[in-house]
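> Sharing final_31.txt below, compact mmCIF, C-alpha atoms and all ligand atoms:
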# COMPACT_ATOMS: atom_id res chain seq x y z
CA MET A 1 41.83 128.83 114.80
CA MET A 2 43.64 125.67 115.74
CA SER A 3 41.87 122.51 114.65
CA ILE A 4 42.61 119.60 116.99
CA LYS A 5 41.85 115.91 116.76
CA ILE A 6 42.23 113.63 119.77
CA ILE A 7 43.25 110.08 118.92
CA LYS A 8 42.65 107.29 121.44
CA ALA A 9 43.79 103.68 121.26
CA ALA A 10 44.32 100.67 123.53
CA ALA A 11 47.94 101.75 124.00
CA ILE A 12 50.58 104.01 122.51
CA PHE A 13 54.15 102.82 122.08
CA ILE A 14 56.30 105.61 123.52
CA ASP A 15 60.00 105.29 124.40
CA SER A 16 59.85 101.48 124.15
CA CYS A 17 56.89 101.25 126.55
CA LEU A 18 53.22 100.43 126.01
CA VAL A 19 51.46 103.42 127.55
CA GLU A 20 47.80 102.57 128.21
CA ASN A 21 46.17 105.63 129.63
CA LYS A 22 47.12 108.37 127.21
CA ALA A 23 45.77 109.89 124.01
CA ILE A 24 47.33 112.08 121.32
CA ALA A 25 46.15 115.58 120.40
CA VAL A 26 47.01 116.33 116.77
CA ASN A 27 47.04 119.79 115.24
CA MET A 28 45.20 119.05 112.00
CA HIS A 29 46.37 122.29 110.47
CA THR A 30 50.06 121.41 110.65
CA GLY A 31 49.86 117.62 111.06
CA ASP A 32 51.97 117.91 114.22
CA ILE A 33 51.55 116.12 117.53
CA GLU A 34 50.39 118.90 119.82
CA LYS A 35 50.28 117.06 123.12
CA ILE A 36 50.25 113.57 124.63
CA ALA A 37 48.24 113.26 127.85
CA ALA A 38 45.29 111.48 129.47
CA ALA A 39 42.24 111.57 127.16
CA ALA A 40 40.08 113.30 129.78
CA GLN A 41 42.68 116.01 130.24
CA LEU A 42 42.98 116.60 126.48
CA GLU A 43 39.21 116.73 126.08
CA LYS A 44 39.03 119.38 128.78
CA GLU A 45 41.86 121.35 127.26
CA TYR A 46 40.49 121.17 123.71
CA PRO A 47 36.69 121.09 124.12
CA ASP A 48 36.07 121.62 120.39
CA ALA A 49 38.42 118.84 119.30
CA GLY A 50 37.33 116.06 116.97
CA LYS A 51 37.67 112.55 118.39
CA GLU A 52 38.98 109.39 116.79
CA ASP A 53 39.04 106.02 118.53
CA TRP A 54 41.45 103.36 117.27
CA GLY A 55 39.74 100.79 119.49
CA ASP A 56 41.90 97.86 120.55
CA LEU A 57 44.88 98.79 118.34
CA VAL A 58 48.32 99.81 119.60
CA ILE A 59 49.73 102.96 118.00
CA VAL A 60 53.39 102.86 116.94
CA PRO A 61 55.35 105.45 114.93
CA GLY A 62 55.02 105.07 111.16
CA SER A 63 58.02 103.40 109.56
CA ILE A 64 60.29 105.32 107.18
CA ASN A 65 61.37 103.89 103.87
CA ALA A 66 64.54 105.90 103.26
CA HIS A 67 65.32 104.32 99.88
CA ASN A 68 62.98 103.16 97.15
CA HIS A 69 62.66 103.48 93.37
CA SER A 70 58.88 103.55 92.92
CA PHE A 71 58.77 102.71 89.19
CA GLN A 72 60.54 99.42 89.92
CA SER A 73 57.34 98.07 91.47
CA LEU A 74 56.16 97.56 87.87
CA LEU A 75 59.18 95.33 87.20
CA ARG A 76 58.80 93.01 90.15
CA GLY A 77 59.45 89.42 89.10
CA VAL A 78 61.36 90.50 85.97
CA ALA A 79 64.91 89.18 85.50
CA ALA A 80 64.98 87.69 89.00
CA ASP A 81 67.98 85.53 89.94
CA ARG A 82 70.42 87.12 87.47
CA PRO A 83 73.80 88.76 88.15
CA PHE A 84 73.47 92.47 88.98
CA LEU A 85 74.39 93.98 85.60
CA GLU A 86 72.30 91.42 83.71
CA TRP A 87 69.36 92.13 86.04
CA ARG A 88 69.81 95.87 85.47
CA ASP A 89 69.94 95.55 81.67
CA ASN A 90 66.99 93.13 81.42
CA SER A 91 64.64 94.90 83.80
CA LEU A 92 65.40 98.59 84.39
CA TYR A 93 67.14 99.45 81.13
CA LYS A 94 64.78 97.38 79.02
CA PHE A 95 61.43 98.57 80.35
CA SER A 96 61.89 102.05 81.82
CA PRO A 97 62.34 103.82 78.43
CA ARG A 98 58.87 102.53 77.48
CA MET A 99 57.20 104.16 80.44
CA ARG A 100 54.79 106.97 79.68
CA LEU A 101 53.93 109.67 82.19
CA GLN A 102 50.85 107.72 83.33
CA ASP A 103 52.99 104.60 83.84
CA ILE A 104 55.39 106.53 86.08
CA TYR A 105 52.35 107.73 88.04
CA THR A 106 50.89 104.23 88.23
CA GLY A 107 54.19 102.68 89.37
CA ALA A 108 54.47 105.27 92.13
CA LEU A 109 50.83 104.90 93.22
CA PHE A 110 51.22 101.10 93.32
CA ALA A 111 54.49 101.28 95.28
CA PHE A 112 53.30 103.93 97.73
CA THR A 113 49.94 102.30 98.50
CA GLU A 114 51.48 98.85 98.93
CA MET A 115 54.20 100.04 101.30
CA MET A 116 51.69 102.16 103.24
CA LYS A 117 49.57 99.05 103.79
CA CYS A 118 52.80 97.55 105.20
CA GLY A 119 53.14 100.45 107.66
CA ALA A 120 55.37 102.98 105.86
CA THR A 121 54.27 106.59 106.34
CA THR A 122 57.24 108.28 104.61
CA VAL A 123 59.12 107.20 101.51
CA ALA A 124 62.24 108.58 99.88
CA ASP A 125 61.90 107.89 96.16
CA PHE A 126 65.34 107.98 94.52
CA PHE A 127 63.90 108.98 91.19
CA TYR A 128 65.68 109.12 87.86
CA LEU A 129 63.19 108.64 84.99
CA HIS A 130 63.46 112.13 83.59
CA GLN A 131 62.27 111.43 80.05
CA PHE A 132 59.52 114.00 80.71
CA GLY A 133 61.73 116.44 82.62
CA SER A 134 60.14 117.80 85.79
CA GLU A 135 56.75 116.45 84.73
CA SER A 136 58.11 113.01 85.66
CA ASP A 137 58.78 114.19 89.23
CA GLU A 138 55.37 115.85 89.38
CA ALA A 139 53.72 112.54 88.42
CA VAL A 140 55.40 110.88 91.42
CA ILE A 141 54.36 113.78 93.66
CA GLN A 142 50.77 113.44 92.43
CA ALA A 143 50.83 109.72 93.25
CA ALA A 144 52.10 110.38 96.79
CA ASN A 145 49.41 112.98 97.23
CA ASP A 146 46.71 110.59 95.99
CA ALA A 147 47.96 107.81 98.28
CA GLY A 148 48.37 110.17 101.25
CA ILE A 149 51.99 109.21 102.00
CA ARG A 150 54.75 111.65 103.01
CA LEU A 151 57.27 111.91 100.17
CA VAL A 152 60.92 112.77 99.85
CA ILE A 153 62.04 112.93 96.24
CA ALA A 154 65.74 112.20 95.98
CA ARG A 155 65.84 113.95 92.62
CA THR A 156 68.49 112.11 90.70
CA MET A 157 71.34 113.79 88.81
CA TYR A 158 72.72 111.40 86.22
CA ASP A 159 75.14 111.99 83.35
CA TRP A 160 76.57 108.59 82.40
CA THR A 161 75.50 108.16 78.78
CA GLY A 162 75.62 104.34 78.87
CA ALA A 163 72.14 104.37 80.47
CA PRO A 164 68.78 104.95 78.75
CA SER A 165 68.65 108.54 77.49
CA GLY A 166 65.70 109.46 79.75
CA TYR A 167 67.95 109.16 82.83
CA VAL A 168 70.63 111.47 81.44
CA GLU A 169 71.01 115.24 81.79
CA ASN A 170 74.03 117.52 81.59
CA VAL A 171 75.19 119.12 84.83
CA GLU A 172 73.61 122.48 84.07
CA THR A 173 70.14 121.05 83.29
CA ALA A 174 70.24 118.67 86.26
CA VAL A 175 71.11 121.54 88.62
CA SER A 176 68.46 123.90 87.31
CA ASN A 177 65.69 121.23 87.27
CA THR A 178 66.61 120.00 90.75
CA ALA A 179 66.85 123.50 92.19
CA SER A 180 63.48 124.60 90.80
CA LEU A 181 61.81 121.48 92.20
CA MET A 182 63.49 122.07 95.59
CA LYS A 183 62.25 125.66 95.63
CA LYS A 184 58.72 124.69 94.61
CA HIS A 185 58.17 121.99 97.25
CA THR A 186 59.06 123.16 100.73
CA GLY A 187 57.40 122.72 104.07
CA GLY A 188 54.47 120.50 103.05
CA MET A 189 54.12 116.76 102.54
CA VAL A 190 56.84 116.77 99.87
CA LYS A 191 60.53 117.47 100.25
CA VAL A 192 63.09 117.42 97.45
CA LEU A 193 66.76 116.48 97.84
CA PRO A 194 69.55 116.35 95.26
CA ALA A 195 70.73 112.80 94.47
CA PRO A 196 73.76 112.39 92.21
CA HIS A 197 73.19 108.73 91.27
CA SER A 198 76.52 107.05 92.06
CA LEU A 199 80.18 107.11 91.17
CA HIS A 200 79.47 104.98 88.11
CA ALA A 201 76.53 107.06 86.82
CA ALA A 202 77.40 110.63 87.83
CA SER A 203 80.58 112.50 86.89
CA PRO A 204 82.69 114.15 89.61
CA GLU A 205 81.28 117.50 88.39
CA MET A 206 77.72 116.20 88.78
CA ILE A 207 78.44 114.87 92.28
CA LYS A 208 79.98 118.16 93.35
CA ALA A 209 77.02 120.06 91.87
CA GLY A 210 74.58 117.88 93.88
CA TYR A 211 76.61 118.44 97.02
CA ARG A 212 76.62 122.22 96.46
CA LEU A 213 72.82 122.24 96.09
CA ALA A 214 72.51 120.34 99.38
CA CYS A 215 74.72 122.94 101.10
CA GLU A 216 72.89 125.85 99.52
CA TYR A 217 69.42 124.60 100.58
CA ASN A 218 70.68 122.93 103.76
CA THR A 219 69.27 119.50 102.91
CA PRO A 220 70.83 116.05 102.84
CA TYR A 221 71.94 114.61 99.50
CA HIS A 222 71.67 110.94 98.56
CA ILE A 223 74.14 108.85 96.55
CA HIS A 224 74.55 105.08 95.96
CA VAL A 225 78.04 104.05 97.11
CA ALA A 226 79.81 100.69 96.83
CA GLU A 227 76.73 98.54 96.32
CA GLU A 228 78.68 96.13 94.15
CA ILE A 229 82.36 95.23 94.14
CA PHE A 230 82.60 96.31 90.46
CA GLU A 231 82.25 99.93 91.54
CA VAL A 232 85.21 99.65 93.91
CA ASP A 233 87.37 98.14 91.13
CA GLN A 234 86.24 100.77 88.64
CA VAL A 235 86.90 103.74 90.96
CA LYS A 236 90.30 102.31 91.97
CA LYS A 237 91.25 101.89 88.32
CA GLU A 238 90.10 105.37 87.28
CA HIS A 239 91.12 107.39 90.32
CA GLY A 240 93.58 105.22 92.25
CA MET A 241 91.37 105.36 95.36
CA THR A 242 88.50 103.45 96.97
CA PRO A 243 85.00 105.01 96.58
CA LEU A 244 84.53 106.87 99.87
CA LYS A 245 88.16 108.04 99.87
CA TYR A 246 87.65 109.39 96.38
CA LEU A 247 84.40 111.14 97.36
CA ASP A 248 86.25 112.64 100.33
CA SER A 249 88.94 113.94 97.96
CA LEU A 250 86.12 115.70 96.05
CA GLY A 251 85.15 117.43 99.31
CA VAL A 252 81.62 116.00 99.46
CA VAL A 253 81.76 113.88 102.63
CA ASP A 254 80.08 115.69 105.52
CA LYS A 255 76.80 115.90 107.43
CA HIS A 256 74.88 116.51 104.18
CA MET A 257 75.84 113.10 102.80
CA SER A 258 73.65 109.99 102.98
CA ILE A 259 75.10 107.02 101.18
CA ILE A 260 72.92 104.12 100.06
CA HIS A 261 74.24 100.55 100.58
CA GLY A 262 77.92 101.10 101.53
CA VAL A 263 78.51 97.34 101.24
CA TRP A 264 82.15 97.42 100.16
CA LEU A 265 83.68 100.20 102.28
CA SER A 266 86.74 99.61 104.45
CA GLU A 267 86.64 100.27 108.18
CA ASP A 268 88.86 103.26 107.53
CA GLU A 269 86.32 104.74 105.12
CA ILE A 270 83.48 104.07 107.59
CA ARG A 271 85.55 105.85 110.27
CA THR A 272 85.84 108.87 107.96
CA MET A 273 82.06 108.89 107.51
CA GLY A 274 81.58 108.84 111.28
CA ARG A 275 84.11 111.60 111.86
CA LYS A 276 82.53 113.83 109.23
CA GLY A 277 78.90 113.20 110.24
CA ALA A 278 77.76 111.32 107.10
CA HIS A 279 74.79 108.88 107.16
CA LEU A 280 74.05 105.38 105.88
CA ILE A 281 70.81 104.14 104.30
CA TYR A 282 70.86 100.36 104.51
CA CYS A 283 68.80 97.99 102.33
CA PRO A 284 69.52 94.48 103.66
CA SER A 285 66.93 92.51 101.65
CA SER A 286 67.94 94.18 98.40
CA ASN A 287 71.60 93.40 99.08
CA MET A 288 70.65 89.77 99.62
CA PHE A 289 68.33 89.55 96.60
CA LEU A 290 70.87 91.09 94.22
CA ALA A 291 73.79 89.16 95.71
CA ASP A 292 75.63 92.43 96.54
CA GLY A 293 77.27 91.26 99.76
CA ILE A 294 76.81 92.13 103.44
CA THR A 295 77.39 95.65 104.77
CA ASP A 296 79.47 95.77 107.97
CA ILE A 297 76.76 97.31 110.16
CA PRO A 298 78.66 96.81 113.47
CA ALA A 299 81.47 98.96 112.01
CA TYR A 300 79.01 101.74 111.12
CA ILE A 301 77.60 101.51 114.66
CA ARG A 302 81.14 101.58 116.17
CA HIS A 303 81.90 104.79 114.29
CA SER A 304 78.55 106.42 115.20
CA VAL A 305 77.20 106.63 111.65
CA PRO A 306 73.39 107.08 111.85
CA ILE A 307 71.68 104.20 110.00
CA ALA A 308 68.27 104.38 108.30
CA LEU A 309 66.57 101.54 106.41
CA GLY A 310 65.26 101.25 102.86
CA SER A 311 63.44 98.58 100.90
CA ASP A 312 65.07 99.66 97.62
CA GLY A 313 62.97 99.16 94.46
CA ALA A 314 60.51 96.27 94.44
CA CYS A 315 62.27 94.47 91.57
CA GLY A 316 65.53 94.49 93.55
CA ASN A 317 64.00 93.08 96.73
CA SER A 318 60.49 91.89 95.87
CA ARG A 319 58.98 93.08 99.18
CA ILE A 320 58.64 96.75 100.06
CA SER A 321 58.07 96.78 103.80
CA VAL A 322 60.28 98.60 106.28
CA PHE A 323 59.16 96.29 109.10
CA GLU A 324 60.56 93.49 106.93
CA GLU A 325 63.89 95.37 106.69
CA MET A 326 63.97 95.79 110.48
CA ARG A 327 63.77 92.00 110.78
CA MET A 328 66.35 91.50 108.05
CA VAL A 329 69.00 93.90 109.37
CA SER A 330 69.01 92.06 112.66
CA LEU A 331 68.93 88.52 111.24
CA LEU A 332 71.48 89.09 108.48
CA GLN A 333 73.97 90.80 110.79
CA LYS A 334 73.62 88.06 113.42
CA ALA A 335 74.31 85.45 110.76
CA LYS A 336 77.36 87.34 109.52
CA THR A 337 78.93 88.07 112.90
CA CYS A 338 77.76 85.01 114.89
CA ASN A 339 76.92 87.56 117.57
CA ALA A 340 73.27 87.66 118.68
CA LEU A 341 73.82 91.07 120.29
CA CYS A 342 75.24 92.93 117.27
CA VAL A 343 71.88 94.41 116.17
CA ASN A 344 69.01 93.95 118.64
CA PHE A 345 65.30 94.62 118.16
CA HIS A 346 65.59 98.06 119.75
CA ASP A 347 68.34 99.00 117.28
CA ALA A 348 66.36 97.67 114.31
CA PHE A 349 63.19 99.54 115.34
CA LYS A 350 65.10 102.79 115.75
CA MET A 351 66.72 102.42 112.32
CA GLY A 352 63.30 101.96 110.69
CA THR A 353 61.67 104.87 112.51
CA GLU A 354 63.49 107.61 114.44
CA THR A 355 66.85 107.45 112.67
CA GLY A 356 65.01 107.47 109.34
CA GLY A 357 63.73 110.89 110.42
CA THR A 358 67.23 112.02 111.42
CA VAL A 359 68.69 110.89 108.10
CA LEU A 360 65.94 112.53 106.01
CA ASP A 361 66.09 115.59 108.28
CA LEU A 362 62.35 115.54 109.06
CA PRO A 363 60.52 115.54 112.45
CA ILE A 364 59.16 112.02 111.95
CA GLY A 365 59.59 108.50 113.34
CA LYS A 366 58.76 109.20 116.96
CA ILE A 367 55.62 109.77 119.00
CA ALA A 368 56.47 112.97 120.85
CA ASP A 369 55.40 116.61 120.96
CA GLY A 370 56.37 118.50 117.81
CA TYR A 371 56.77 115.37 115.68
CA LYS A 372 54.49 114.68 112.73
CA ALA A 373 51.36 112.65 113.45
CA ASP A 374 52.41 109.63 111.35
CA PHE A 375 51.07 106.48 113.02
CA VAL A 376 50.54 102.79 112.46
CA GLY A 377 47.86 100.86 114.35
CA ILE A 378 48.86 97.29 115.22
CA SER A 379 46.41 94.56 116.18
CA VAL A 380 47.94 92.54 118.99
CA TYR A 381 45.21 89.93 118.35
CA ASP A 382 46.77 89.00 115.02
CA PHE A 383 48.40 85.58 115.58
CA SER A 384 51.78 86.99 114.50
CA MET A 385 51.78 89.41 117.48
CA GLN A 386 50.90 86.76 120.08
CA PRO A 387 51.49 85.88 122.79
CA LEU A 388 51.51 89.14 124.67
CA THR A 389 51.38 88.91 128.43
CA LYS A 390 50.41 91.59 130.92
CA LYS A 391 53.76 93.32 131.10
CA GLY A 392 53.91 93.53 127.33
CA GLN A 393 57.60 92.74 127.08
CA GLN A 394 57.05 90.66 123.91
CA PHE A 395 55.53 93.58 122.01
CA LEU A 396 58.67 95.01 120.43
CA PRO A 397 60.45 91.71 119.69
CA ASN A 398 57.22 90.45 118.09
CA LEU A 399 56.81 93.67 116.11
CA ILE A 400 60.31 93.24 114.66
CA TYR A 401 60.65 89.48 114.32
CA SER A 402 57.24 87.87 113.90
CA MET A 403 54.72 90.46 112.76
CA GLN A 404 53.02 89.89 109.40
CA PRO A 405 51.36 92.73 107.45
CA THR A 406 47.96 91.28 108.49
CA ALA A 407 48.56 92.86 111.93
CA ILE A 408 48.74 96.37 110.38
CA LYS A 409 45.16 97.56 110.52
CA ARG A 410 45.36 101.30 110.40
CA VAL A 411 47.73 104.02 109.17
CA ALA A 412 47.62 107.79 109.53
CA VAL A 413 49.92 110.33 107.89
CA ASN A 414 49.97 113.95 109.02
CA GLY A 415 47.03 113.07 111.28
CA ARG A 416 44.88 111.82 108.41
CA THR A 417 43.83 108.18 108.15
CA THR A 418 45.09 106.56 104.94
CA VAL A 419 44.52 102.87 105.75
CA ILE A 420 41.61 101.50 107.76
CA GLN A 421 40.90 97.80 108.51
CA GLY A 422 43.96 97.13 106.35
CA HIS A 423 42.40 98.86 103.31
CA LEU A 424 43.19 102.08 101.49
CA VAL A 425 41.12 105.14 102.29
CA ASN A 426 42.03 107.63 99.55
CA THR A 427 41.71 105.17 96.68
CA THR A 428 40.84 101.47 96.42
CA GLU A 429 42.96 98.39 95.84
CA SER A 430 40.90 97.52 92.75
CA ARG A 431 41.47 100.96 91.23
CA VAL A 432 45.24 100.61 91.73
CA LEU A 433 45.19 97.09 90.27
CA GLU A 434 43.23 98.25 87.22
CA GLN A 435 45.83 100.94 86.51
CA VAL A 436 48.69 98.48 86.98
CA LYS A 437 47.01 96.10 84.52
CA MET A 438 46.69 98.82 81.86
CA THR A 439 50.32 99.87 82.31
CA MET A 440 51.56 96.29 82.07
CA GLN A 441 49.61 95.75 78.85
CA HIS A 442 51.37 98.78 77.41
CA LEU A 443 54.84 97.74 78.62
CA GLU A 444 54.49 94.20 77.30
CA ASN A 445 52.96 95.07 73.96
CA GLU A 446 55.44 97.66 72.85
ZN ZN B 501 68.81 102.31 94.81
Starting from the coordinates I provided, produce the structure as structure tokens.


Amino acid sequence: MMSIKIIKAAAIFIDSCLVENKAIAVNMHTGDIEKIAAAAQLEKEYPDAGKEDWGDLVIVPGSINAHNHSFQSLLRGVAADRPFLEWRDNSLYKFSPRMRLQDIYTGALFAFTEMMKCGATTVADFFYLHQFGSESDEAVIQAANDAGIRLVIARTMYDWTGAPSGYVENVETAVSNTASLMKKHTGGMVKVLPAPHSLHAASPEMIKAGYRLACEYNTPYHIHVAEEIFEVDQVKKEHGMTPLKYLDSLGVVDKHMSIIHGVWLSEDEIRTMGRKGAHLIYCPSSNMFLADGITDIPAYIRHSVPIALGSDGACGNSRISVFEEMRMVSLLQKAKTCNALCVNFHDAFKMGTETGGTVLDLPIGKIADGYKADFVGISVYDFSMQPLTKKGQQFLPNLIYSMQPTAIKRVAVNGRTTVIQGHLVNTTESRVLEQVKMTMQHLENE
């Protein structure tokens, strides 16, 4: 029998409008939105339905963090303000080999619960700490499950031996571990994608193997491309081509591809991505924090490349909020182009919600029939959302430009409430903090 829950609120944000007289019927078995209609009509249609009232909150789609490295939340504040490679060596490479399985779990639980409190309902964790093989991935999956967040594991394939040994696998092992994880987790709250790390950390054979897995299982694959200028120089020197051109020569640029960053691509390379249906995952705050440069977002828009947003790891950004990235994409691009129209608040909102769903190939990021019931409840009485006059035309610009996390009162993923009154439901903040404290004692003492 179908189990339905009817969710009511002051308003629901649908197709850029505040709709005041409707409620949402959620199929609690599948976590899908079954129907959106007047509450009275839904109650008549589903007389046995459970009822949930979100009071004076406005329901918006949950935001989608399309790029994060959860373990990096434990390294926030470490090696800040250093050049990229120095930052990498003094934070990631120094501490990640010390992480035990419980530390990987704790880092993920900390990252996922914090970003959920900031309104993220799905996260793609680009995950490469494989010192415990697939048990490492399972620890991250457990953390997502305990937090209640929807998880995409971009299961990293990495064979550059200059990195800590726990990152590194040969092509054969990486393929078999990734494939078995992909087969194991299908259709639920967890999805697994192949993610050859980058041109500097994955061999051409590894990249092609990741691409083949994506084709075989019909999923996207993720890869960092041209985050820093050093990668462009290195690829040019080794292969006589720029990064995206080189990837194209390997035959891996098509609709399966999602590149992260894409800061240093030429317009010609961006055109190729558009023509071949590839996607961009953009992390504006991380690019600013790590002094990477500024991605040419108007060029990606011109060539119809779908753009999703990511916070990147917390030690390469410091904040892990997608609403923050929506603000940043718009502000940073305006500053670069001196054109106030280049990315507007509608564009930014779409990147952080609906297009995130497109890029991760999941029915999320939109409040519509058949989409997942992933919602965020916003208090318009928080100072940061005011003023809001009768027509409500300030709602979206305020959501993107002025909202603080204090306005995010409630979160539901797959129809189930995970944050209420701004606090975690499935665990408590003090429990998460206690675990973080124990992990940090271990990391510092070793
Ligand atoms: Zn990254």

> Kindly indicate which residue among A:Ala40, A:Ala79, A:Ala226, A:Leu424 lies nearest to ligand ZN 501 (chain B), using only C-alpha atoms and all ligand atoms for the distances.

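Nearest to ligand ZN 501 (chain B): A:Ala226.
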
> Using only C-alpha atoms, which residues sit within 8 Å of segment 114-130 of chain A once same-chain residues fewer than 6 positions away are excluded, as a PyMOL selection string?

chain A and resi 62-70+96+136-137+149-158+166-168+195+320-323+374-376+405+408+411-413+419+422-424

> If I take atom CA of Ile12 of chain A and atom CA of Ala144 of chain A, how far is one from the other in Å, to one decimal?

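Separating atom CA of Ile12 of chain A from atom CA of Ala144 of chain A is a distance of 26.5 Å.
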
> Give the residues close to ligand ZN 501 (chain B), within 10 Å, counting all atoms listed in the file; write them as a short mmCIF file (atom, residue, chain, number, x, y, z; two decimals) with C-alpha atoms, in the frame of the given file.


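Output saved as result10.cif:
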data_model
loop_
_atom_site.label_atom_id
_atom_site.label_comp_id
_atom_site.auth_asym_id
_atom_site.auth_seq_id
_atom_site.Cartn_x
_atom_site.Cartn_y
_atom_site.Cartn_z
CA HIS A 67 65.32 104.32 99.88
CA ASN A 68 62.98 103.16 97.15
CA HIS A 69 62.66 103.48 93.37
CA ASP A 125 61.90 107.89 96.16
CA PHE A 126 65.34 107.98 94.52
CA PHE A 127 63.90 108.98 91.19
CA HIS A 197 73.19 108.73 91.27
CA SER A 198 76.52 107.05 92.06
CA HIS A 222 71.67 110.94 98.56
CA ILE A 223 74.14 108.85 96.55
CA HIS A 224 74.55 105.08 95.96
CA VAL A 225 78.04 104.05 97.11
CA GLU A 227 76.73 98.54 96.32
CA ILE A 260 72.92 104.12 100.06
CA HIS A 261 74.24 100.55 100.58
CA ILE A 281 70.81 104.14 104.30
CA CYS A 283 68.80 97.99 102.33
CA SER A 286 67.94 94.18 98.40
CA GLY A 310 65.26 101.25 102.86
CA SER A 311 63.44 98.58 100.90
CA ASP A 312 65.07 99.66 97.62
CA GLY A 313 62.97 99.16 94.46
CA GLY A 316 65.53 94.49 93.55
#

> Have a look at A:Phe13, A:Phe110, A:Tyr300, A:Tyr46 and name the one nearest to Arg76 of chain A; count all atoms listed in the file.

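Using all atoms listed in the file, Arg76 of chain A sits closest to A:Phe110.
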
> So, with only C-alpha atoms as the atoms that count, which of A:Ala314, A:Glu269, A:Asn177, A:Ile367 lies closest to Ala111 of chain A?

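Among A:Ala314, A:Glu269, A:Asn177, A:Ile367, it is A:Ala314 that comes nearest to Ala111 of chain A.
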
> Write out as a PDB file with C-alpha atoms, in the coordinates of the input each polymer residue whose atoms come within 12 Å of Lys245 of chain A, counting all atoms listed in the file; drop sequence neighbours fewer than 6 positions from it.


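Heads up, here's the output in result_39.pdb:
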ATOM      1  CA  LEU A 199      80.180 107.110  91.170  1.00  0.00           C
ATOM      2  CA  VAL A 225      78.040 104.050  97.110  1.00  0.00           C
ATOM      3  CA  ALA A 226      79.810 100.690  96.830  1.00  0.00           C
ATOM      4  CA  VAL A 232      85.210  99.650  93.910  1.00  0.00           C
ATOM      5  CA  VAL A 235      86.900 103.740  90.960  1.00  0.00           C
ATOM      6  CA  LYS A 236      90.300 102.310  91.970  1.00  0.00           C
ATOM      7  CA  HIS A 239      91.120 107.390  90.320  1.00  0.00           C
ATOM      8  CA  GLY A 251      85.150 117.430  99.310  1.00  0.00           C
ATOM      9  CA  VAL A 252      81.620 116.000  99.460  1.00  0.00           C
ATOM     10  CA  VAL A 253      81.760 113.880 102.630  1.00  0.00           C
ATOM     11  CA  LEU A 265      83.680 100.200 102.280  1.00  0.00           C
ATOM     12  CA  SER A 266      86.740  99.610 104.450  1.00  0.00           C
ATOM     13  CA  GLU A 267      86.640 100.270 108.180  1.00  0.00           C
ATOM     14  CA  ASP A 268      88.860 103.260 107.530  1.00  0.00           C
ATOM     15  CA  GLU A 269      86.320 104.740 105.120  1.00  0.00           C
ATOM     16  CA  ILE A 270      83.480 104.070 107.590  1.00  0.00           C
ATOM     17  CA  ARG A 271      85.550 105.850 110.270  1.00  0.00           C
ATOM     18  CA  THR A 272      85.840 108.870 107.960  1.00  0.00           C
ATOM     19  CA  MET A 273      82.060 108.890 107.510  1.00  0.00           C
TER      20      MET A 273
END

> Pick from A:Lys372, A:Arg88, A:Lys44, A:Arg319: nearest to Asn414 of chain A, with only C-alpha atoms counted?

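Smallest distance to Asn414 of chain A is found for A:Lys372.
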
> Could you work out how far atom CA of Ile104 of chain A lies from atom CA of Ala143 of chain A, giving the answer in Å with one decimal?

9.1 Å

> Kindly output segment 172-181 of chain A as a CSV table (one decimal), in the coordinates of the input, after building N, CA and C atoms.


chain,number,residue,atom,x,y,z
A,172,GLU,N,74.4,121.2,84.0
A,172,GLU,CA,73.6,122.5,84.1
A,172,GLU,C,72.1,122.2,84.2
A,173,THR,N,71.6,121.4,83.3
A,173,THR,CA,70.1,121.0,83.3
A,173,THR,C,69.7,120.4,84.6
A,174,ALA,N,70.6,119.4,85.0
A,174,ALA,CA,70.2,118.7,86.3
A,174,ALA,C,70.2,119.6,87.4
A,175,VAL,N,71.1,120.6,87.5
A,175,VAL,CA,71.1,121.5,88.6
A,175,VAL,C,69.9,122.4,88.6
A,176,SER,N,69.6,123.0,87.4
A,176,SER,CA,68.5,123.9,87.3
A,176,SER,C,67.1,123.2,87.6
A,177,ASN,N,66.9,122.0,87.0
A,177,ASN,CA,65.7,121.2,87.3
A,177,ASN,C,65.6,120.9,88.7
A,178,THR,N,66.7,120.4,89.3
A,178,THR,CA,66.6,120.0,90.8
A,178,THR,C,66.3,121.2,91.6
A,179,ALA,N,67.0,122.3,91.4
A,179,ALA,CA,66.8,123.5,92.2
A,179,ALA,C,65.4,124.0,92.1
A,180,SER,N,64.8,124.0,90.9
A,180,SER,CA,63.5,124.6,90.8
A,180,SER,C,62.5,123.7,91.5
A,181,LEU,N,62.7,122.4,91.5
A,181,LEU,CA,61.8,121.5,92.2
A,181,LEU,C,62.0,121.7,93.7
